[in-house]
$ cat my_file_14.txt   # compact mmCIF, C-alpha atoms
# COMPACT_ATOMS: atom_id res chain seq x y z
CA MET O 10 1.20 -34.93 13.70
CA ALA O 11 0.95 -31.32 12.59
CA ILE O 12 2.62 -30.07 15.74
CA TYR O 13 5.87 -31.80 14.75
CA GLY O 14 6.05 -29.61 11.66
CA THR O 15 5.19 -26.44 13.58
CA ALA O 16 7.71 -27.35 16.29
CA LEU O 17 10.40 -27.86 13.66
CA LEU O 18 9.52 -24.47 12.14
CA ALA O 19 9.69 -22.85 15.58
CA PHE O 20 13.04 -24.52 16.26
CA CYS O 21 14.49 -23.14 13.02
CA LEU O 22 13.22 -19.60 13.71
CA LEU O 23 14.49 -19.57 17.31
CA LEU O 24 17.89 -21.03 16.43
CA GLY O 25 18.27 -18.68 13.43
CA THR O 26 17.37 -15.65 15.54
CA VAL O 27 19.84 -16.64 18.28
CA ILE O 28 22.60 -17.07 15.67
CA GLY O 29 21.63 -13.72 14.09
CA LYS O 30 21.85 -11.98 17.48
CA LEU O 31 25.22 -13.60 18.19
CA ILE O 32 26.54 -12.39 14.82
CA GLY O 33 25.26 -8.91 15.69
CA GLN O 34 26.99 -9.06 19.05
CA ALA O 35 30.23 -10.30 17.47
CA ILE O 36 30.38 -7.28 15.15
CA GLY O 37 29.29 -4.91 17.90
CA ILE O 38 25.72 -3.94 16.97
CA SER O 39 22.58 -4.67 18.94
CA ALA O 40 20.68 -5.99 15.93
CA ASN O 41 19.71 -9.37 14.59
CA VAL O 42 21.86 -9.95 11.50
CA GLY O 43 20.14 -12.27 9.06
CA GLY O 44 18.36 -14.35 11.70
CA VAL O 45 15.33 -15.01 9.52
CA GLY O 46 17.53 -15.83 6.54
CA ILE O 47 19.55 -18.33 8.57
CA ALA O 48 16.30 -19.85 9.86
CA MET O 49 15.07 -20.27 6.28
CA LEU O 50 18.28 -22.05 5.27
CA LEU O 51 17.97 -24.34 8.32
CA LEU O 52 14.38 -25.20 7.41
CA VAL O 53 15.25 -25.88 3.77
CA VAL O 54 18.21 -28.10 4.71
CA ILE O 55 16.49 -30.03 7.53
CA CYS O 56 13.24 -30.57 5.63
CA GLY O 57 15.13 -31.57 2.49
CA ARG O 58 16.95 -34.31 4.41
CA LEU O 59 13.82 -35.50 6.23
CA GLN O 60 11.83 -35.65 2.99
CA ARG O 61 14.51 -37.63 1.21
CA SER O 62 14.65 -40.16 4.04
CA GLY O 63 10.84 -40.37 4.08
CA ALA O 64 10.54 -39.01 7.64
CA MET O 65 8.20 -36.20 6.65
CA PRO O 66 4.61 -37.50 6.50
CA MET O 67 1.82 -35.25 5.17
CA PRO O 68 0.45 -34.19 8.57
CA THR O 69 3.92 -33.01 9.62
CA GLN O 70 4.24 -31.00 6.41
CA GLY O 71 0.77 -29.57 7.13
CA GLY O 72 2.09 -28.07 10.35
CA ILE O 73 4.50 -25.95 8.28
CA LEU O 74 2.27 -25.34 5.26
CA PHE O 75 -0.45 -23.77 7.41
CA TRP O 76 1.91 -20.96 8.45
CA SER O 77 3.11 -20.53 4.91
CA SER O 78 -0.48 -20.26 3.68
CA ILE O 79 -1.46 -17.69 6.32
CA TYR O 80 1.47 -15.49 5.31
CA ILE O 81 -0.54 -12.97 3.27
CA PRO O 82 -3.12 -12.30 6.02
CA ILE O 83 -0.22 -11.78 8.44
CA VAL O 84 1.31 -9.27 6.03
CA VAL O 85 -2.07 -7.50 5.86
CA GLY O 86 -2.05 -7.38 9.68
CA MET O 87 1.48 -5.99 9.51
CA ALA O 88 0.37 -3.29 7.04
CA ALA O 89 -2.58 -2.40 9.28
CA SER O 90 -0.29 -1.86 12.27
CA GLN O 91 2.28 0.40 10.56
CA ASP O 92 2.74 4.00 11.60
CA VAL O 93 1.30 5.36 8.34
CA ARG O 94 0.32 8.64 9.98
CA ALA O 95 3.97 9.37 10.85
CA ALA O 96 5.05 8.54 7.30
CA ILE O 97 2.46 10.89 5.80
CA THR O 98 3.00 13.72 8.26
CA GLY O 99 6.81 13.34 8.19
CA GLY O 100 7.15 16.30 5.88
CA PRO O 101 8.42 16.77 2.34
CA ALA O 102 12.03 15.79 3.11
CA ALA O 103 10.99 12.31 4.34
CA ALA O 104 8.54 11.79 1.47
CA PHE O 105 11.05 12.96 -1.11
CA ALA O 106 13.92 10.87 0.28
CA GLY O 107 11.67 7.78 0.39
CA ILE O 108 10.33 8.25 -3.14
CA VAL O 109 13.73 8.87 -4.77
CA THR O 110 15.37 5.94 -2.93
CA VAL O 111 12.66 3.52 -3.99
CA ALA O 112 12.77 4.73 -7.60
CA VAL O 113 16.56 4.35 -7.82
CA CYS O 114 16.53 0.91 -6.16
CA PHE O 115 13.75 -0.35 -8.45
CA ALA O 116 15.79 0.78 -11.44
CA MET O 117 18.86 -1.08 -10.12
CA VAL O 118 17.10 -4.49 -10.06
CA PRO O 119 17.51 -5.21 -13.81
CA VAL O 120 21.07 -3.79 -13.73
CA ILE O 121 22.28 -6.18 -11.03
CA SER O 122 20.20 -9.03 -12.46
CA SER O 123 22.14 -8.75 -15.70
CA ILE O 124 25.53 -9.03 -13.92
CA GLY O 125 26.72 -12.61 -13.83
CA ARG O 126 23.49 -14.08 -15.14
CA PRO O 127 24.36 -17.61 -16.22
CA ASP O 128 24.54 -17.67 -20.00
CA PRO O 129 21.87 -20.15 -21.21
CA LYS O 130 24.23 -21.28 -24.01
CA GLN O 131 26.92 -22.32 -21.55
CA GLY O 132 24.52 -24.52 -19.66
CA ALA O 133 25.69 -25.65 -16.25
CA GLU O 134 28.76 -23.44 -16.14
CA ARG O 135 28.48 -20.80 -13.44
CA MET N 7 -29.48 -2.84 24.18
CA THR N 8 -27.10 -0.13 25.39
CA ALA N 9 -25.32 -2.72 27.53
CA LEU N 10 -24.60 -4.97 24.55
CA TRP N 11 -21.44 -3.28 23.17
CA PRO N 12 -19.48 -3.34 26.45
CA VAL N 13 -20.10 -7.09 26.66
CA VAL N 14 -19.05 -7.65 23.03
CA GLU N 15 -16.06 -5.36 23.42
CA SER N 16 -14.85 -7.14 26.54
CA VAL N 17 -14.87 -10.44 24.66
CA LEU N 18 -13.10 -8.91 21.63
CA VAL N 19 -10.41 -7.41 23.89
CA LYS N 20 -9.92 -10.59 25.89
CA TYR N 21 -9.68 -12.75 22.75
CA SER N 22 -7.68 -10.15 20.83
CA LEU N 23 -5.76 -12.52 18.54
CA VAL N 24 -8.98 -14.35 17.61
CA THR N 25 -10.60 -10.98 16.90
CA ALA N 26 -7.66 -10.17 14.64
CA PHE N 27 -8.15 -13.42 12.68
CA LEU N 28 -11.80 -12.47 12.04
CA PHE N 29 -10.98 -8.84 11.26
CA ILE N 30 -8.09 -9.57 8.87
CA GLY N 31 -9.98 -12.50 7.36
CA SER N 32 -12.87 -10.16 6.52
CA ILE N 33 -10.51 -7.62 4.94
CA VAL N 34 -8.84 -10.32 2.82
CA TRP N 35 -12.24 -11.77 1.78
CA GLY N 36 -13.57 -8.33 0.83
CA SER N 37 -10.37 -7.45 -1.02
CA TYR N 38 -10.39 -10.63 -3.10
CA ALA N 39 -14.07 -10.01 -3.91
CA ILE N 40 -13.21 -6.47 -5.07
CA SER N 41 -10.31 -7.85 -7.10
CA ARG N 42 -12.57 -10.37 -8.87
CA ARG N 43 -15.70 -8.29 -9.38
CA LEU N 44 -14.43 -4.74 -9.90
CA THR N 45 -11.01 -5.21 -11.48
CA ASN N 46 -11.56 -8.59 -13.15
CA GLY N 47 -8.49 -9.90 -11.33
CA ARG N 48 -6.19 -7.28 -12.84
CA ILE N 49 -5.25 -5.93 -9.41
CA HIS N 50 -4.28 -8.84 -7.18
CA GLY N 51 -6.49 -9.37 -4.11
CA SER N 52 -3.53 -9.32 -1.76
CA ALA N 53 -2.38 -5.96 -3.19
CA ILE N 54 -5.82 -4.52 -2.43
CA ALA N 55 -5.81 -6.10 1.04
CA ILE N 56 -2.42 -4.53 1.85
CA MET N 57 -3.62 -1.12 0.67
CA VAL N 58 -6.80 -1.47 2.77
CA GLY N 59 -4.58 -2.40 5.71
CA LEU N 60 -2.41 0.70 5.21
CA ALA N 61 -5.48 2.93 4.87
CA LEU N 62 -6.92 1.51 8.10
CA ALA N 63 -3.53 2.01 9.78
CA TYR N 64 -3.68 5.69 8.79
CA LEU N 65 -7.24 6.05 10.13
CA GLY N 66 -6.21 4.30 13.35
CA GLY N 67 -3.23 6.61 13.66
CA ILE N 68 -5.21 9.83 13.27
CA SER N 69 -8.06 8.70 15.52
CA THR N 70 -5.88 7.49 18.43
CA GLY N 71 -2.66 9.46 17.94
CA GLY N 72 -0.73 6.23 18.49
CA THR N 73 2.06 4.67 16.46
CA LYS N 74 0.71 1.16 15.85
CA GLY N 75 -1.96 1.97 13.27
CA ILE N 76 -5.30 0.21 13.71
CA ALA N 77 -3.80 -1.90 16.53
CA ASP N 78 -4.02 1.12 18.85
CA ILE N 79 -7.79 0.71 18.94
CA GLY N 80 -8.47 -1.41 22.03
CA CYS N 81 -10.49 -4.26 20.56
CA LEU N 82 -8.15 -4.53 17.53
CA ALA N 83 -4.91 -4.77 19.53
CA GLY N 84 -4.60 -8.37 18.33
CA VAL N 85 -3.86 -7.10 14.79
CA GLY N 86 -0.56 -5.83 16.19
CA LEU N 87 0.24 -9.30 17.54
CA MET N 88 -0.84 -11.04 14.34
CA GLY N 89 1.16 -8.64 12.15
CA GLY N 90 4.03 -8.23 14.63
CA ALA N 91 7.57 -9.44 14.17
CA MET N 92 7.04 -12.80 15.93
CA LEU N 93 4.31 -14.31 13.73
CA ARG N 94 5.55 -12.45 10.64
CA ASP N 95 8.99 -14.06 10.93
CA LEU N 96 7.45 -17.48 11.62
CA ALA N 97 5.34 -17.22 8.46
CA ILE N 98 8.24 -15.87 6.34
CA VAL N 99 10.42 -18.82 7.38
CA ALA N 100 7.54 -21.20 6.59
CA THR N 101 7.36 -19.86 3.02
CA ALA N 102 10.85 -21.29 2.44
CA PHE N 103 9.43 -24.82 2.89
CA GLY N 104 9.64 -26.56 -0.46
CA ALA N 105 12.23 -24.18 -1.88
CA ARG N 106 15.44 -25.77 -3.11
CA LEU N 107 18.75 -25.01 -1.43
CA GLU N 108 20.48 -24.72 -4.82
CA GLU N 109 18.27 -21.78 -5.74
CA PHE N 110 19.57 -19.86 -2.75
CA LEU N 111 23.20 -20.84 -3.20
CA ASP N 112 23.33 -20.25 -6.97
CA THR N 113 22.50 -16.58 -6.52
CA GLY N 114 24.68 -16.08 -3.45
CA ALA N 115 27.14 -13.73 -5.16
CA SER N 116 24.44 -11.56 -6.77
CA GLY N 117 22.70 -11.46 -3.40
CA ILE N 118 25.78 -10.02 -1.71
CA VAL N 119 26.34 -7.51 -4.53
CA SER N 120 22.71 -6.39 -4.33
CA LEU N 121 22.92 -6.01 -0.53
CA LEU N 122 25.99 -3.78 -0.70
CA ALA N 123 24.57 -1.80 -3.62
CA GLY N 124 21.22 -1.43 -1.84
CA VAL N 125 22.74 -0.13 1.39
CA PHE N 126 25.12 2.34 -0.29
CA ILE N 127 22.54 3.62 -2.79
CA SER N 128 19.97 4.21 -0.04
CA PHE N 129 22.46 6.04 2.17
CA SER N 130 23.69 8.17 -0.76
CA VAL N 131 20.23 9.14 -1.99
CA GLY N 132 18.97 9.85 1.53
CA ALA N 133 22.03 11.95 2.36
CA LEU N 134 21.73 13.93 -0.89
CA VAL N 135 18.05 14.67 -0.28
CA ALA N 136 18.89 15.67 3.30
CA TYR N 137 21.54 18.06 1.95
CA ALA N 138 19.04 19.53 -0.50
CA PHE N 139 16.59 20.15 2.34
CA GLY N 140 19.19 22.00 4.41
CA TYR N 141 20.50 19.24 6.69
CA ARG N 142 24.12 19.80 5.75
CA ASP N 143 26.16 18.31 8.60
CA ALA N 144 27.59 14.81 8.26
CA VAL N 145 25.67 13.44 11.28
CA SER N 146 22.23 14.50 10.00
CA MET N 147 22.99 13.45 6.43
CA THR N 148 24.13 9.98 7.55
CA THR N 149 21.11 9.56 9.85
CA ILE N 150 18.57 10.50 7.18
CA GLY N 151 20.49 8.32 4.74
CA GLY N 152 20.08 5.49 7.25
CA GLY N 153 16.33 6.15 7.26
CA ALA N 154 16.36 5.78 3.48
CA ALA N 155 17.85 2.32 4.11
CA THR N 156 15.23 1.17 6.63
CA TYR N 157 13.34 2.74 9.51
CA ILE N 158 15.52 0.71 11.89
CA VAL N 159 18.90 1.63 10.36
CA GLY N 160 18.03 5.36 10.61
CA PRO N 161 17.47 5.58 14.38
CA VAL N 162 20.27 3.08 15.14
CA THR N 163 22.71 5.19 13.09
CA GLY N 164 21.35 8.45 14.50
CA THR N 165 21.64 7.23 18.09
CA ALA N 166 25.21 6.04 17.54
CA LEU N 167 26.18 9.42 16.02
CA GLU N 168 24.18 11.45 18.57
CA ALA N 169 21.92 13.10 16.00
CA SER N 170 19.12 15.40 17.16
CA SER N 171 15.74 13.81 17.86
CA GLU N 172 14.17 15.84 15.06
CA VAL N 173 16.57 14.29 12.56
CA ILE N 174 16.01 10.79 14.00
CA ALA N 175 12.23 11.23 13.69
CA LEU N 176 12.73 12.36 10.10
CA SER N 177 14.83 9.27 9.36
CA VAL N 178 12.09 7.00 10.76
CA ALA N 179 9.50 8.77 8.59
CA THR N 180 11.76 8.33 5.53
CA GLY N 181 12.03 4.60 6.23
CA LEU N 182 8.27 4.29 6.64
CA VAL N 183 7.63 6.08 3.34
CA LYS N 184 10.07 3.69 1.65
CA SER N 185 8.52 0.58 3.17
CA ILE N 186 4.98 1.63 2.23
CA LEU N 187 5.95 2.58 -1.32
CA VAL N 188 7.67 -0.79 -1.84
CA MET N 189 4.57 -2.63 -0.54
CA VAL N 190 2.20 -0.71 -2.81
CA LEU N 191 4.27 -0.25 -5.99
CA THR N 192 6.08 -3.59 -6.38
CA PRO N 193 3.25 -5.43 -8.20
CA TYR N 194 3.02 -2.57 -10.73
CA VAL N 195 6.72 -2.32 -11.53
CA ALA N 196 7.44 -6.08 -11.34
CA ASN N 197 7.18 -6.65 -15.12
CA TRP N 198 9.13 -3.55 -15.94
CA ILE N 199 12.12 -4.45 -13.73
CA GLY N 200 12.06 -8.17 -14.64
CA LEU N 201 11.01 -9.37 -11.20
CA ASP N 202 9.79 -12.83 -12.19
CA ASP N 203 12.16 -15.54 -10.92
CA PRO N 204 13.90 -16.55 -7.66
CA ARG N 205 17.11 -14.92 -8.77
CA SER N 206 15.60 -11.49 -9.45
CA ALA N 207 13.57 -11.74 -6.21
CA LEU N 208 16.77 -12.37 -4.25
CA ILE N 209 18.37 -9.30 -5.83
CA PHE N 210 15.21 -7.28 -5.26
CA GLY N 211 15.26 -8.16 -1.55
CA GLY N 212 18.89 -7.12 -1.24
CA LEU N 213 18.37 -3.80 -3.03
CA MET N 214 15.18 -2.80 -1.20
CA GLY N 215 16.07 -4.15 2.21
CA THR N 216 12.89 -3.18 4.02
CA THR N 217 11.62 -6.55 5.24
CA SER N 218 8.02 -5.36 5.58
CA GLY N 219 8.09 -3.65 2.17
CA VAL N 220 9.65 -6.66 0.44
CA ALA N 221 7.37 -9.11 2.26
CA GLY N 222 4.24 -7.18 1.29
CA GLY N 223 5.37 -6.22 -2.19
CA LEU N 224 6.35 -9.74 -3.23
CA ALA N 225 3.23 -11.25 -1.65
CA ALA N 226 1.15 -9.01 -3.87
CA THR N 227 3.28 -9.81 -6.94
CA ASP N 228 3.88 -13.55 -6.79
CA GLU N 229 3.72 -15.52 -3.56
CA ARG N 230 6.36 -18.01 -4.75
CA LEU N 231 9.00 -15.26 -4.81
CA VAL N 232 8.55 -14.31 -1.13
CA PRO N 233 11.19 -16.60 0.43
CA TYR N 234 13.93 -15.43 -1.96
CA GLY N 235 13.35 -11.72 -1.44
CA ALA N 236 12.89 -12.11 2.32
CA MET N 237 16.11 -14.11 2.49
CA THR N 238 18.39 -11.23 1.44
CA ALA N 239 16.27 -8.46 2.96
CA THR N 240 16.78 -10.01 6.37
CA PHE N 241 20.54 -9.33 6.16
CA TYR N 242 20.07 -5.73 5.02
CA THR N 243 19.15 -4.01 8.28
CA GLY N 244 22.09 -5.61 10.10
CA LEU N 245 24.47 -4.59 7.33
CA GLY N 246 23.08 -1.05 7.34
CA CYS N 247 23.43 -0.75 11.13
CA LEU N 248 27.02 -1.96 10.79
CA LEU N 249 28.11 0.27 7.88
CA GLY N 250 26.04 3.41 8.66
CA PRO N 251 27.73 4.82 11.75
CA SER N 252 31.16 3.65 10.54
CA VAL N 253 32.10 3.51 6.86
CA VAL N 254 29.24 5.60 5.48
CA PHE N 255 29.62 8.30 8.14
CA LEU N 256 33.36 8.58 7.50
CA ILE N 257 32.79 8.89 3.74
CA ILE N 258 30.12 11.56 4.15
CA GLN N 259 32.25 13.41 6.70
CA ALA N 260 35.19 13.35 4.33
CA ILE N 261 33.02 14.87 1.60
CA VAL N 262 31.11 17.59 3.47
CA GLY N 263 33.68 18.11 6.22
CA SER N 264 33.01 18.32 9.93
CA ALA N 265 32.97 22.15 10.05
CA SER N 266 29.18 22.53 10.21
CA LEU N 267 28.16 20.56 13.27
CA ALA N 268 24.59 19.78 14.22
CA PRO N 269 22.92 22.64 16.13
$ encode --input "my_file_14.txt" --output "structure tokens"
Amino acid sequence: MAIYGTALLAFCLLLGTVIGKLIGQAIGISANVGGVGIAMLLLVVICGRLQRSGAMPMPTQGGILFWSSIYIPIVVGMAASQDVRAAITGGPAAAFAGIVTVAVCFAMVPVISSIGRPDPKQGAER
Amino acid sequence: MTALWPVVESVLVKYSLVTAFLFIGSIVWGSYAISRRLTNGRIHGSAIAIMVGLALAYLGGISTGGTKGIADIGCLAGVGLMGGAMLRDLAIVATAFGARLEEFLDTGASGIVSLLAGVFISFSVGALVAYAFGYRDAVSMTTIGGGAATYIVGPVTGTALEASSEVIALSVATGLVKSILVMVLTPYVANWIGLDDPRSALIFGGLMGTTSGVAGGLAATDERLVPYGAMTATFYTGLGCLLGPSVVFLIIQAIVGSASLAP
């Protein structure tokens, strides 16, 4: 049943968020450190095991795939509920700081990508 | 006839999440139609939909004076729920379904390097721009630098360092500008910066850090890259909140000195 998949997804998100909050608390900040990332790892690991043992029928997968497929509309909803007015009226300092940061970080992507990229000639060696 | 709208509105308000599904669904449908017919598919439908969403958020902001974009309009409050952290995180986690664990683990080291580089670069650039605009005390520079990390790191750092509310507001605005730019620009720079595989997406997420920017930007570039970018971005805000008021502040204070305190 689809709800099994959705329930598993919910379990991973809740557990990941709790762990993220606990990590935050342990290092003394009131933020969720990597909760979503931990939840994603949980989902990948649990689903991988279930699929290998054949305990993941199509309807169960459907309960997860629906949320994955509705991701873009949710991001559009997120965009539509941002405080764009504050960003635009924040003044030149905010605009300038934002623009320069994004430009520098974009430019850093290929730089860091090239560090430690596995050499195709060396095959499996990492 | 005059009594019709109040009836419709009361239903739309009561069923706000359902209203949001219809509203966002219409935007996405229209955006994909524009993408196909007017741009021949050159501009991805989701990129157009995100830009339409941002434009509507601006209109909502100026017409209501609120901070939640279009969701401040009564009958569209459900858009805030649909696009809020709860469902957004659920959907982001769902995108990881089908990804392979090895792909995450293989790039672990680059992910950590990109996170540290992303946090320190954002703080440095933000602090330098703050200095150039006349905010020359260590507290204000660190706070605005935090805003250049994300719009959560800025106020968290500013509150910890007791920055003025003007500076905190500026740091939030800086973070919002960053997040919106990443959402809008990513599909256009993707080729140029080699953003085309899980590994580069993971590094991209760590460097940019803004979860909403990365989530929107990668969705408009290539949906398959979303889980990798979101994975590292989700650690960024926590790392920024940790390093900002501590290490970064001490470094900036050591450079500019503590002589000129905030007014």
$ closest_atom_pairs --input "my_file_14.txt" --of "chain O" --to "chain N" --cutoff "7 Å" --atoms "all atoms listed in the file" --output "CSV"
residue,atom,partner,partner_atom,distance
O:Leu18,CA,N:Ala100,CA,6.7
O:Leu22,CA,N:Leu96,CA,6.5
O:Ile38,CA,N:Leu248,CA,6.6
O:Ala40,CA,N:Gly244,CA,6.0
O:Asn41,CA,N:Gly244,CA,6.3
O:Val42,CA,N:Gly244,CA,4.6
O:Gly43,CA,N:Phe241,CA,4.1
O:Val45,CA,N:Thr240,CA,6.1
O:Gly46,CA,N:Met237,CA,4.6
O:Ala48,CA,N:Val99,CA,6.5
O:Met49,CA,N:Val99,CA,5.0
O:Leu52,CA,N:Phe103,CA,6.7
O:Val53,CA,N:Phe103,CA,6.0
O:Val54,CA,N:Leu107,CA,6.9
O:Ile73,CA,N:Ala100,CA,5.9
O:Leu74,CA,N:Ala100,CA,6.8
O:Trp76,CA,N:Ala97,CA,5.1
O:Ser77,CA,N:Thr101,CA,4.7
O:Tyr80,CA,N:Ala97,CA,5.3
O:Ile81,CA,N:Ala225,CA,6.4
O:Pro82,CA,N:Ile30,CA,6.3
O:Ile83,CA,N:Gly89,CA,5.1
O:Val84,CA,N:Gly222,CA,6.0
O:Val85,CA,N:Ile56,CA,5.0
O:Gly86,CA,N:Gly89,CA,4.2
O:Met87,CA,N:Gly89,CA,3.8
O:Ala88,CA,N:Leu60,CA,5.2
O:Ala89,CA,N:Gly59,CA,4.1
O:Ser90,CA,N:Gly75,CA,4.3
O:Gln91,CA,N:Gly75,CA,5.3
O:Asp92,CA,N:Thr73,CA,5.0
O:Val93,CA,N:Tyr64,CA,5.0
O:Arg94,CA,N:Tyr64,CA,5.1
O:Ala95,CA,N:Ala179,CA,6.0
O:Ala96,CA,N:Ala179,CA,4.6
O:Gly99,CA,N:Ala179,CA,5.3
O:Ala102,CA,N:Phe139,CA,6.4
O:Ala103,CA,N:Thr180,CA,4.2
O:Ala104,CA,N:Val183,CA,6.1
O:Ala106,CA,N:Gly132,CA,5.3
O:Gly107,CA,N:Lys184,CA,4.6
O:Ile108,CA,N:Lys184,CA,6.6
O:Thr110,CA,N:Ser128,CA,5.7
O:Val111,CA,N:Lys184,CA,6.2
O:Cys114,CA,N:Leu213,CA,5.9
O:Phe115,CA,N:Ile199,CA,6.9
O:Ala116,CA,N:Ile199,CA,6.8
O:Val118,CA,N:Phe210,CA,5.9
O:Pro119,CA,N:Ile199,CA,5.4
O:Ile121,CA,N:Ser120,CA,6.7
O:Ser122,CA,N:Ser206,CA,6.0
$ atom_distance --input "my_file_14.txt" --atom1 "CA of Met10 in chain O" --atom2 "CA of Leu24 in chain O"
21.9 Å
$ atom_distance --input "my_file_14.txt" --atom1 "CA of Leu51 in chain O" --atom2 "CA of Met67 in chain O"
19.7 Å
$ atom_distance --input "my_file_14.txt" --atom1 "CA of Val14 in chain N" --atom2 "CA of Trp35 in chain N"
22.7 Å
$ closest_residue --input "my_file_14.txt" --among "O:Val120, O:Ile28, O:Cys56, O:Ala112" --to "Thr69 in chain O" --atoms "all atoms listed in the file"
O:Cys56
$ residues_near_point --input "my_file_14.txt" --point "(3.8, -27.0, 14.0)" --cutoff "9 Å" --atoms "all atoms listed in the file" --output "list of chain:residue names"
O:Met10, O:Ala11, O:Ile12, O:Tyr13, O:Gly14, O:Thr15, O:Ala16, O:Leu17, O:Leu18, O:Ala19, O:Thr69, O:Gln70, O:Gly71, O:Gly72, O:Ile73, O:Phe75, O:Trp76
$ write_last_selection --input "my_file_14.txt" --atoms "C-alpha atoms" --output "compact mmCIF listing (two decimals), in the coordinates of the input"
# COMPACT_ATOMS: atom_id res chain seq x y z
CA MET O 10 1.20 -34.93 13.70
CA ALA O 11 0.95 -31.32 12.59
CA ILE O 12 2.62 -30.07 15.74
CA TYR O 13 5.87 -31.80 14.75
CA GLY O 14 6.05 -29.61 11.66
CA THR O 15 5.19 -26.44 13.58
CA ALA O 16 7.71 -27.35 16.29
CA LEU O 17 10.40 -27.86 13.66
CA LEU O 18 9.52 -24.47 12.14
CA ALA O 19 9.69 -22.85 15.58
CA THR O 69 3.92 -33.01 9.62
CA GLN O 70 4.24 -31.00 6.41
CA GLY O 71 0.77 -29.57 7.13
CA GLY O 72 2.09 -28.07 10.35
CA ILE O 73 4.50 -25.95 8.28
CA PHE O 75 -0.45 -23.77 7.41
CA TRP O 76 1.91 -20.96 8.45
$ residues_around --input "my_file_14.txt" --residues "Val254 in chain N" --least-positions-apart "4" --cutoff "9 Å" --atoms "only C-alpha atoms" --output "number ranges by chain"
N: 126, 129-130, 148, 249-250, 258-259
$ closest_residue --input "my_file_14.txt" --among "N:Met147, N:Leu224, N:Ile261, N:Ala166" --to "Gly37 in chain O" --atoms "all atoms listed in the file"
N:Ala166
